[in-house]
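Colleague: I am sharing final.tsv, which consists of TSV, C-alpha atoms:
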```
chain	number	residue	atom	x	y	z
R	1	MET	CA	75.89	141.60	-151.90
R	2	LEU	CA	79.30	142.59	-153.20
R	3	LYS	CA	80.55	146.16	-152.73
R	4	GLN	CA	80.48	146.90	-156.46
R	5	GLU	CA	76.95	145.58	-156.69
R	6	LYS	CA	75.89	147.78	-153.77
R	7	GLU	CA	77.47	150.82	-155.41
R	8	ARG	CA	75.63	150.07	-158.65
R	9	VAL	CA	72.30	149.77	-156.79
R	10	VAL	CA	72.92	153.01	-154.88
R	11	ALA	CA	73.80	154.88	-158.09
R	12	GLU	CA	70.68	153.55	-159.82
R	13	LEU	CA	68.45	154.46	-156.87
R	14	ALA	CA	69.98	157.94	-156.69
R	15	GLU	CA	69.30	158.50	-160.40
R	16	ARG	CA	65.67	157.39	-160.04
R	17	LEU	CA	65.20	159.57	-156.96
R	18	GLN	CA	66.49	162.63	-158.83
R	19	ALA	CA	64.21	161.91	-161.82
R	20	SER	CA	61.08	161.56	-159.68
R	21	GLU	CA	59.14	164.62	-158.55
R	22	THR	CA	56.94	162.49	-156.31
R	23	LEU	CA	57.89	159.55	-154.10
R	24	LEU	CA	55.24	157.55	-152.27
R	25	VAL	CA	56.46	155.11	-149.63
R	26	ALA	CA	54.61	152.06	-148.33
R	27	ASP	CA	55.21	149.20	-145.91
R	28	TYR	CA	54.66	145.95	-147.81
R	29	ARG	CA	55.08	143.71	-144.80
R	30	GLY	CA	52.85	140.62	-145.18
R	31	LEU	CA	52.31	140.90	-148.94
R	32	ASP	CA	53.39	137.96	-151.08
R	33	MET	CA	55.09	138.32	-154.44
R	34	VAL	CA	51.82	137.90	-156.37
R	35	GLU	CA	50.21	140.77	-154.46
R	36	ILE	CA	53.31	142.95	-154.84
R	37	ASP	CA	53.32	142.28	-158.60
R	38	ALA	CA	49.63	143.21	-158.76
R	39	VAL	CA	50.34	146.57	-157.10
R	40	ARG	CA	53.35	147.10	-159.38
R	41	THR	CA	51.26	146.38	-162.50
R	42	GLU	CA	48.53	148.80	-161.40
R	43	LEU	CA	51.00	151.62	-160.75
R	44	ILE	CA	52.74	151.14	-164.09
R	45	LYS	CA	49.43	152.06	-165.74
R	46	HIS	CA	49.72	155.48	-164.14
R	47	GLY	CA	53.38	156.07	-164.96
R	48	ALA	CA	55.01	154.95	-161.69
R	49	ARG	CA	57.52	152.22	-160.80
R	50	PHE	CA	56.88	150.33	-157.56
R	51	THR	CA	60.13	148.93	-156.18
R	52	VAL	CA	61.03	147.03	-152.99
R	53	VAL	CA	64.22	148.62	-151.60
R	54	LYS	CA	66.81	148.04	-148.91
R	55	ASN	CA	66.74	150.86	-146.35
R	56	THR	CA	70.51	151.15	-145.86
R	57	LEU	CA	71.25	151.46	-149.57
R	58	THR	CA	68.29	153.77	-150.13
R	59	LYS	CA	69.49	156.12	-147.37
R	60	ARG	CA	72.84	156.41	-149.11
R	61	ALA	CA	71.11	157.02	-152.43
R	62	ALA	CA	68.87	159.67	-150.85
R	63	GLU	CA	71.90	161.55	-149.57
R	64	GLN	CA	73.51	161.43	-153.01
R	65	ALA	CA	70.29	162.53	-154.74
R	66	GLY	CA	69.79	165.48	-152.38
R	67	VAL	CA	66.57	164.19	-150.79
R	68	PRO	CA	67.61	163.34	-147.21
R	69	GLU	CA	64.00	164.00	-146.13
R	70	LEU	CA	63.20	160.52	-147.48
R	71	ASN	CA	65.19	158.86	-144.69
R	72	GLU	CA	62.46	159.38	-142.09
R	73	PHE	CA	60.28	156.89	-143.99
R	74	LEU	CA	62.98	154.23	-144.38
R	75	ASP	CA	62.12	152.05	-141.42
R	76	GLY	CA	60.90	148.45	-141.72
R	77	PRO	CA	60.02	146.73	-145.02
R	78	THR	CA	59.89	149.50	-147.61
R	79	ALA	CA	58.60	149.83	-151.14
R	80	ILE	CA	58.71	153.11	-153.07
R	81	ALA	CA	56.51	154.30	-155.91
R	82	PHE	CA	58.73	156.46	-158.14
R	83	VAL	CA	56.49	158.97	-159.97
R	84	GLY	CA	58.25	160.86	-162.76
R	85	ASP	CA	56.02	162.01	-165.60
R	86	GLY	CA	53.13	159.92	-164.28
R	87	ASP	CA	49.89	160.96	-162.61
R	88	MET	CA	50.71	161.32	-158.90
R	89	VAL	CA	47.02	161.56	-157.99
R	90	ALA	CA	46.21	158.30	-159.78
R	91	VAL	CA	49.25	156.62	-158.20
R	92	ALA	CA	48.23	157.77	-154.72
R	93	LYS	CA	44.70	156.52	-155.36
R	94	ALA	CA	45.96	153.13	-156.58
R	95	LEU	CA	48.19	152.71	-153.50
R	96	ASN	CA	45.40	153.76	-151.17
R	97	ASP	CA	42.98	151.35	-152.85
R	98	SER	CA	45.51	148.53	-152.55
R	99	ALA	CA	45.92	149.29	-148.84
R	100	LYS	CA	42.13	149.09	-148.38
R	101	GLN	CA	41.78	145.90	-150.40
R	102	THR	CA	44.67	143.95	-148.93
R	103	LYS	CA	44.34	145.38	-145.42
R	104	ILE	CA	48.08	144.67	-145.27
R	105	LEU	CA	49.83	147.33	-147.37
R	106	ALA	CA	50.38	150.41	-145.19
R	107	LEU	CA	51.09	153.93	-146.41
R	108	LYS	CA	54.06	155.67	-144.79
R	109	GLY	CA	54.13	159.00	-146.56
R	110	GLY	CA	56.47	160.36	-149.19
R	111	ILE	CA	58.08	163.32	-150.88
R	112	LEU	CA	56.06	165.77	-152.96
R	113	ALA	CA	57.89	168.56	-154.80
R	114	GLY	CA	60.85	168.16	-152.45
R	115	LYS	CA	58.73	168.33	-149.28
R	116	PRO	CA	57.91	165.40	-147.01
R	117	ILE	CA	54.23	164.45	-146.71
R	118	SER	CA	52.53	162.14	-144.24
R	119	ALA	CA	50.38	159.06	-144.82
R	120	ASP	CA	47.28	161.23	-144.28
R	121	ASP	CA	48.56	163.61	-146.95
R	122	VAL	CA	48.85	160.70	-149.37
R	123	ARG	CA	45.22	159.76	-148.64
R	124	GLU	CA	44.12	163.35	-149.26
R	125	LEU	CA	46.09	163.34	-152.51
R	126	ALA	CA	44.27	160.13	-153.48
R	127	ALA	CA	40.92	161.86	-152.87
R	128	LEU	CA	41.60	164.62	-155.41
R	129	PRO	CA	39.99	164.57	-158.88
R	130	PRO	CA	41.99	162.98	-161.72
R	131	MET	CA	44.95	165.04	-162.82
R	132	GLU	CA	43.39	166.11	-166.14
R	133	GLN	CA	40.27	167.33	-164.38
R	134	LEU	CA	42.41	169.04	-161.74
R	135	ARG	CA	44.42	170.83	-164.43
R	136	GLY	CA	41.18	172.00	-166.02
R	137	GLN	CA	39.93	173.38	-162.70
R	138	VAL	CA	43.21	175.16	-162.03
R	139	LEU	CA	43.27	176.57	-165.57
R	140	GLY	CA	39.68	177.75	-165.19
R	141	ALA	CA	40.53	179.44	-161.90
R	142	ILE	CA	43.42	181.23	-163.62
R	143	VAL	CA	41.60	182.18	-166.83
R	144	ALA	CA	38.45	183.53	-165.13
R	145	PRO	CA	40.27	186.36	-163.27
R	146	LEU	CA	42.26	187.13	-166.41
R	147	ASN	CA	39.04	187.51	-168.38
R	148	ALA	CA	37.66	189.76	-165.66
R	149	ILE	CA	40.82	191.87	-165.72
R	150	ALA	CA	40.69	192.07	-169.51
R	151	GLY	CA	37.09	193.26	-169.27
R	152	LEU	CA	38.01	195.96	-166.79
R	153	VAL	CA	40.88	197.13	-168.96
R	154	ASN	CA	39.09	196.99	-172.30
R	155	ALA	CA	35.88	198.70	-171.21
R	156	PRO	CA	37.49	202.02	-170.18
R	157	LEU	CA	39.73	201.84	-173.23
R	158	GLN	CA	36.72	201.50	-175.51
R	159	ASN	CA	35.04	204.39	-173.73
R	160	LEU	CA	38.17	206.48	-174.11
R	161	LEU	CA	38.36	205.73	-177.82
R	162	GLY	CA	34.72	206.74	-178.14
R	163	LEU	CA	35.41	210.06	-176.45
R	164	VAL	CA	38.44	210.67	-178.64
R	165	ASP	CA	36.44	209.94	-181.81
R	166	ALA	CA	33.65	212.25	-180.66
R	167	ARG	CA	36.15	215.04	-179.94
R	168	ILE	CA	37.77	214.61	-183.35
R	169	GLU	CA	34.36	214.83	-185.03
R	170	GLN	CA	33.51	217.94	-183.00
R	171	LEU	CA	36.76	219.64	-183.99
R	172	ARG	CA	36.16	218.69	-187.62
R	173	GLU	CA	32.68	220.26	-187.55
R	174	GLN	CA	34.04	223.40	-185.91
R	175	GLY	CA	36.72	223.62	-188.57
R	176	ASP	CA	34.17	223.32	-191.39
R	177	ALA	CA	32.00	226.06	-189.81
R	178	GLY	CA	35.01	228.35	-189.45
R	179	GLU	CA	35.94	227.92	-193.11
R	180	ALA	CA	32.36	228.65	-194.20
R	181	ALA	CA	32.33	231.87	-192.13
R	182	ALA	CA	35.68	232.98	-193.48
R	183	GLU	CA	34.66	232.72	-197.18
R	184	PRO	CA	32.10	235.67	-197.17
R	185	GLN	CA	34.62	237.85	-195.36
R	186	ALA	CA	37.14	237.17	-198.05
R	187	GLU	CA	34.62	238.13	-200.77
R	188	GLU	CA	33.55	241.45	-199.14
R	189	PRO	CA	36.51	243.51	-200.47
R	190	ALA	CA	35.45	242.53	-204.01
R	191	ALA	CA	32.01	244.06	-203.34
R	192	GLU	CA	33.59	247.31	-202.17
R	193	GLU	CA	35.62	247.75	-205.39
R	194	PRO	CA	32.89	249.79	-207.16
R	195	ALA	CA	33.76	252.68	-204.76
R	196	PRO	CA	35.72	254.50	-207.48
R	197	GLU	CA	32.38	255.46	-209.11
R	198	GLU	CA	33.34	259.10	-208.45
R	199	GLU	CA	35.14	259.07	-211.82
R	200	PRO	CA	31.91	259.91	-213.76
R	201	ALA	CA	32.21	263.36	-212.15
R	202	ALA	CA	35.27	263.80	-214.25
R	203	GLU	CA	33.33	262.68	-217.28
R	204	GLU	CA	30.49	265.13	-216.47
R	205	ALA	CA	32.89	268.10	-216.64
R	206	PRO	CA	33.60	267.66	-220.40
R	207	ALA	CA	29.89	267.25	-220.96
R	208	ALA	CA	29.20	270.53	-219.16
R	209	GLU	CA	31.96	272.24	-221.19
R	210	ALA	CA	30.49	270.88	-224.40
R	211	SER	CA	27.10	272.27	-223.42
R	212	GLU	CA	28.61	275.71	-222.69
R	213	GLU	CA	30.46	275.68	-226.02
R	214	ALA	CA	27.21	274.82	-227.79
R	215	GLU	CA	25.42	277.68	-226.10
R	216	THR	CA	28.27	280.04	-226.98
R	217	GLU	CA	28.21	278.98	-230.61
R	218	SER	CA	24.42	279.40	-230.69
R	219	SER	CA	24.74	282.90	-229.22
R	220	GLU	CA	27.36	283.85	-231.78
R	221	VAL	CA	25.18	282.59	-234.62
R	222	THR	CA	22.26	284.65	-233.32
R	223	ASN	CA	24.38	287.74	-233.08
R	224	GLU	CA	25.62	287.25	-236.60
R	225	ASN	CA	22.06	286.97	-237.91
R	226	GLU	CA	21.04	290.15	-236.11
R	227	GLU	CA	23.97	292.03	-237.59
R	228	GLU	CA	23.01	290.95	-241.07
```
As structure tokens, how would this structure be written, given the file I've shared?

Modeller:
Amino acid sequence: MLKQEKERVVAELAERLQASETLLVADYRGLDMVEIDAVRTELIKHGARFTVVKNTLTKRAAEQAGVPELNEFLDGPTAIAFVGDGDMVAVAKALNDSAKQTKILALKGGILAGKPISADDVRELAALPPMEQLRGQVLGAIVAPLNAIAGLVNAPLQNLLGLVDARIEQLREQGDAGEAAAEPQAEEPAAEEPAPEEEPAAEEAPAAEASEEAETESSEVTNENEEE
């Protein structure tokens, strides 16, 4: 392979390594091209590309891509499943099933979220539920505590609002009672106004004087009659 061709392959591998969150590595020794194509076709269904690589060029690409941890798996005939947006669980299951069926393909391990994983880890990954079901379980595990927390927060809040409403109603009732008690007190001075009833005493004096004058006049008339 010419130098320029090697550089192109390394650059392409480095780009694919950077774009893949999961890398699953297998030893394809003993598989023919038909069997390799069958594995490749199955992995494409789950969003992965299965590629036979040269170890020396892949090591250079791994260094460029910032995943030197991949180098420990680059020994002997190597094929890599590049999982970008695909289902890593389904890809691991498909690889594991192919290894069981062919009894030739051998799992080496891989890189998951930037961390190296062993062949046993790949088998455990293959044993997990499908990704959609797994997401549902994780979401349920997250939502359930949140609902519990919301219940704990809302219940005391509702109780507090109930107490506040009851207190407001109590203060309103007390205010109404206070206003009702204050109204008679305000009216009492009006009832006391008739106190100046002593004035008739002043009116009685002229009446007494008039009576005395009448008696005097009567006495004078009597005297006059006697004189006549």

Colleague: Which neighbours of R:Ile117 fall inside 10 Å, counting only C-alpha atoms, when residues of the same chain fewer than 6 positions from it are skipped, and could you give them as a list in words?

Modeller: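 Neighbouring residues, sequence-local ones excluded: Leu23, Leu24, Glu69, Leu70, Lys108, Gly109, Gly110 and Ile111 of chain R.
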
Colleague: Please indicate the distance in Å from atom CA of R:Pro116 to atom CA of R:Val89, rounded to one decimal place.

Modeller: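 Computed distance, atom CA of R:Pro116 to atom CA of R:Val89, equals 15.9 Å.
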
Colleague: Do you know which residues are at most 6 Å from stretch 54-56 of chain R counting only C-alpha atoms, after dropping those on the same chain fewer than 2 positions away, and could you put them as a list of chain:residue names?

Modeller: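 What passes the distance filter is R:Thr58, R:Lys59, R:Leu74.
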
Colleague: Using all atoms listed in the file, which of R:Ala11, R:Leu43, R:Val122, R:Thr51 sits nearest R:Glu63?

Modeller: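 Going through R:Ala11, R:Leu43, R:Val122, R:Thr51 one by one, the smallest distance to R:Glu63 is for R:Ala11.
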
Colleague: Just how far from atom CA of R:Glu35 is atom CA of R:Asp120, in Å to one decimal?

Modeller: 23.0 Å

Colleague: Taking only C-alpha atoms into account, which of R:Gly30, R:Gly86, R:Gly114, R:Pro77 comes nearest R:Ala65?

Modeller: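 Ranking R:Gly30, R:Gly86, R:Gly114, R:Pro77 by distance to R:Ala65, first place goes to R:Gly114.
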
Colleague: State, in Å with one decimal place, the distance from atom CA of R:Leu31 to atom CA of R:Val52.

Modeller: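 Between atom CA of R:Leu31 and atom CA of R:Val52 the gap is 11.4 Å.
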
Colleague: So, counting only C-alpha atoms, which residue among R:Gln170, R:Thr78, R:Thr41, R:Asn71 is closest to R:Val91?

Modeller: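 Under the stated criterion, the closest residue is R:Thr41.
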
Colleague: Measuring between only C-alpha atoms, which one of R:Glu42, R:Asp75, R:Glu5, R:Asp27 shows the shortest distance to R:Lys103?

Modeller: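 Distance minimum relative to R:Lys103 lands on R:Asp27.
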
Colleague: Can you work out which one of R:Arg49, R:Ile44, R:Leu107, R:Tyr28 has the shortest atom-to-atom distance to R:Arg16, counting only C-alpha atoms?

Modeller: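 Among the listed residues, R:Arg49 lies closest to R:Arg16.
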
Colleague: With distances taken over all atoms listed in the file, which of R:Gly66, R:Gly175, R:Gly76, R:Pro129 is nearest to R:Ala19?

Modeller: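 Closest to R:Ala19 of all the choices is R:Gly66.
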
Colleague: Taking (65.3, 150.5, -157.5) in the coordinates of the supplied file, I want to know which residues reach to within 7 Å of it, counting all atoms listed in the file; could you give the answer as a compact mmCIF listing (two decimals) with C-alpha atoms, in the coordinates of the input?

Modeller:
```txt
# COMPACT_ATOMS: atom_id res chain seq x y z
CA GLU R 12 70.68 153.55 -159.82
CA LEU R 13 68.45 154.46 -156.87
CA THR R 51 60.13 148.93 -156.18
CA VAL R 53 64.22 148.62 -151.60
```

Colleague: Determine, counting only C-alpha atoms, which protein, DNA and RNA residues have an atom within 12 Å of an atom of R:Lys45; residues of the same chain fewer than 4 positions away are not included. Present the result as a PyMOL selection string.

Modeller: chain R and resi 38-41+49-50+83+85-88+90-91+94

Colleague: Selecting N, CA and C atoms, how would stretch 38-60 of chain R from this structure be written as a PDB file, in the first residue's frame?

Modeller:
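The resulting selection_27.pdb:
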```
ATOM      1  N   ALA R  38     -22.111 -11.819   6.182  1.00  0.00           N
ATOM      2  CA  ALA R  38     -23.340 -12.104   6.923  1.00  0.00           C
ATOM      3  C   ALA R  38     -23.341 -11.345   8.262  1.00  0.00           C
ATOM      4  N   VAL R  39     -22.190 -11.344   8.924  1.00  0.00           N
ATOM      5  CA  VAL R  39     -22.088 -10.596  10.194  1.00  0.00           C
ATOM      6  C   VAL R  39     -22.249  -9.105   9.932  1.00  0.00           C
ATOM      7  N   ARG R  40     -21.593  -8.628   8.862  1.00  0.00           N
ATOM      8  CA  ARG R  40     -21.672  -7.199   8.525  1.00  0.00           C
ATOM      9  C   ARG R  40     -23.117  -6.791   8.244  1.00  0.00           C
ATOM     10  N   THR R  41     -23.834  -7.608   7.492  1.00  0.00           N
ATOM     11  CA  THR R  41     -25.234  -7.300   7.163  1.00  0.00           C
ATOM     12  C   THR R  41     -26.097  -7.252   8.417  1.00  0.00           C
ATOM     13  N   GLU R  42     -25.880  -8.179   9.333  1.00  0.00           N
ATOM     14  CA  GLU R  42     -26.667  -8.219  10.569  1.00  0.00           C
ATOM     15  C   GLU R  42     -26.396  -6.981  11.426  1.00  0.00           C
ATOM     16  N   LEU R  43     -25.158  -6.545  11.501  1.00  0.00           N
ATOM     17  CA  LEU R  43     -24.833  -5.385  12.335  1.00  0.00           C
ATOM     18  C   LEU R  43     -25.342  -4.083  11.730  1.00  0.00           C
ATOM     19  N   ILE R  44     -25.400  -4.017  10.405  1.00  0.00           N
ATOM     20  CA  ILE R  44     -25.920  -2.813   9.762  1.00  0.00           C
ATOM     21  C   ILE R  44     -27.362  -2.567  10.181  1.00  0.00           C
ATOM     22  N   LYS R  45     -28.112  -3.659  10.419  1.00  0.00           N
ATOM     23  CA  LYS R  45     -29.511  -3.522  10.849  1.00  0.00           C
ATOM     24  C   LYS R  45     -29.625  -2.777  12.169  1.00  0.00           C
ATOM     25  N   HIS R  46     -28.576  -2.839  12.962  1.00  0.00           N
ATOM     26  CA  HIS R  46     -28.603  -2.223  14.292  1.00  0.00           C
ATOM     27  C   HIS R  46     -27.767  -0.947  14.362  1.00  0.00           C
ATOM     28  N   GLY R  47     -27.397  -0.428  13.187  1.00  0.00           N
ATOM     29  CA  GLY R  47     -26.705   0.860  13.141  1.00  0.00           C
ATOM     30  C   GLY R  47     -25.202   0.792  13.368  1.00  0.00           C
ATOM     31  N   ALA R  48     -24.574  -0.330  13.041  1.00  0.00           N
ATOM     32  CA  ALA R  48     -23.121  -0.462  13.233  1.00  0.00           C
ATOM     33  C   ALA R  48     -22.454  -0.887  11.917  1.00  0.00           C
ATOM     34  N   ARG R  49     -21.188  -0.496  11.761  1.00  0.00           N
ATOM     35  CA  ARG R  49     -20.403  -0.901  10.591  1.00  0.00           C
ATOM     36  C   ARG R  49     -19.308  -1.862  11.052  1.00  0.00           C
ATOM     37  N   PHE R  50     -19.290  -3.031  10.443  1.00  0.00           N
ATOM     38  CA  PHE R  50     -18.323  -4.076  10.814  1.00  0.00           C
ATOM     39  C   PHE R  50     -17.223  -4.088   9.757  1.00  0.00           C
ATOM     40  N   THR R  51     -15.998  -3.740  10.191  1.00  0.00           N
ATOM     41  CA  THR R  51     -14.906  -3.543   9.243  1.00  0.00           C
ATOM     42  C   THR R  51     -13.670  -4.330   9.662  1.00  0.00           C
ATOM     43  N   VAL R  52     -13.076  -5.053   8.695  1.00  0.00           N
ATOM     44  CA  VAL R  52     -11.793  -5.725   8.915  1.00  0.00           C
ATOM     45  C   VAL R  52     -10.693  -4.676   8.777  1.00  0.00           C
ATOM     46  N   VAL R  53      -9.802  -4.583   9.765  1.00  0.00           N
ATOM     47  CA  VAL R  53      -8.786  -3.529   9.787  1.00  0.00           C
ATOM     48  C   VAL R  53      -7.394  -4.126   9.926  1.00  0.00           C
ATOM     49  N   LYS R  54      -6.417  -3.289   9.520  1.00  0.00           N
ATOM     50  CA  LYS R  54      -5.014  -3.632   9.718  1.00  0.00           C
ATOM     51  C   LYS R  54      -4.570  -3.042  11.057  1.00  0.00           C
ATOM     52  N   ASN R  55      -3.948  -3.832  11.893  1.00  0.00           N
ATOM     53  CA  ASN R  55      -3.599  -3.407  13.246  1.00  0.00           C
ATOM     54  C   ASN R  55      -2.664  -2.206  13.274  1.00  0.00           C
ATOM     55  N   THR R  56      -1.647  -2.205  12.407  1.00  0.00           N
ATOM     56  CA  THR R  56      -0.662  -1.110  12.444  1.00  0.00           C
ATOM     57  C   THR R  56      -1.307   0.228  12.100  1.00  0.00           C
ATOM     58  N   LEU R  57      -2.140   0.239  11.072  1.00  0.00           N
ATOM     59  CA  LEU R  57      -2.803   1.475  10.676  1.00  0.00           C
ATOM     60  C   LEU R  57      -3.854   1.893  11.716  1.00  0.00           C
ATOM     61  N   THR R  58      -4.521   0.911  12.300  1.00  0.00           N
ATOM     62  CA  THR R  58      -5.548   1.213  13.292  1.00  0.00           C
ATOM     63  C   THR R  58      -4.929   1.788  14.561  1.00  0.00           C
ATOM     64  N   LYS R  59      -3.738   1.314  14.932  1.00  0.00           N
ATOM     65  CA  LYS R  59      -3.062   1.869  16.108  1.00  0.00           C
ATOM     66  C   LYS R  59      -2.724   3.342  15.886  1.00  0.00           C
ATOM     67  N   ARG R  60      -2.283   3.667  14.688  1.00  0.00           N
ATOM     68  CA  ARG R  60      -1.991   5.063  14.379  1.00  0.00           C
ATOM     69  C   ARG R  60      -3.275   5.901  14.423  1.00  0.00           C
TER      70      ARG R  60
END
```
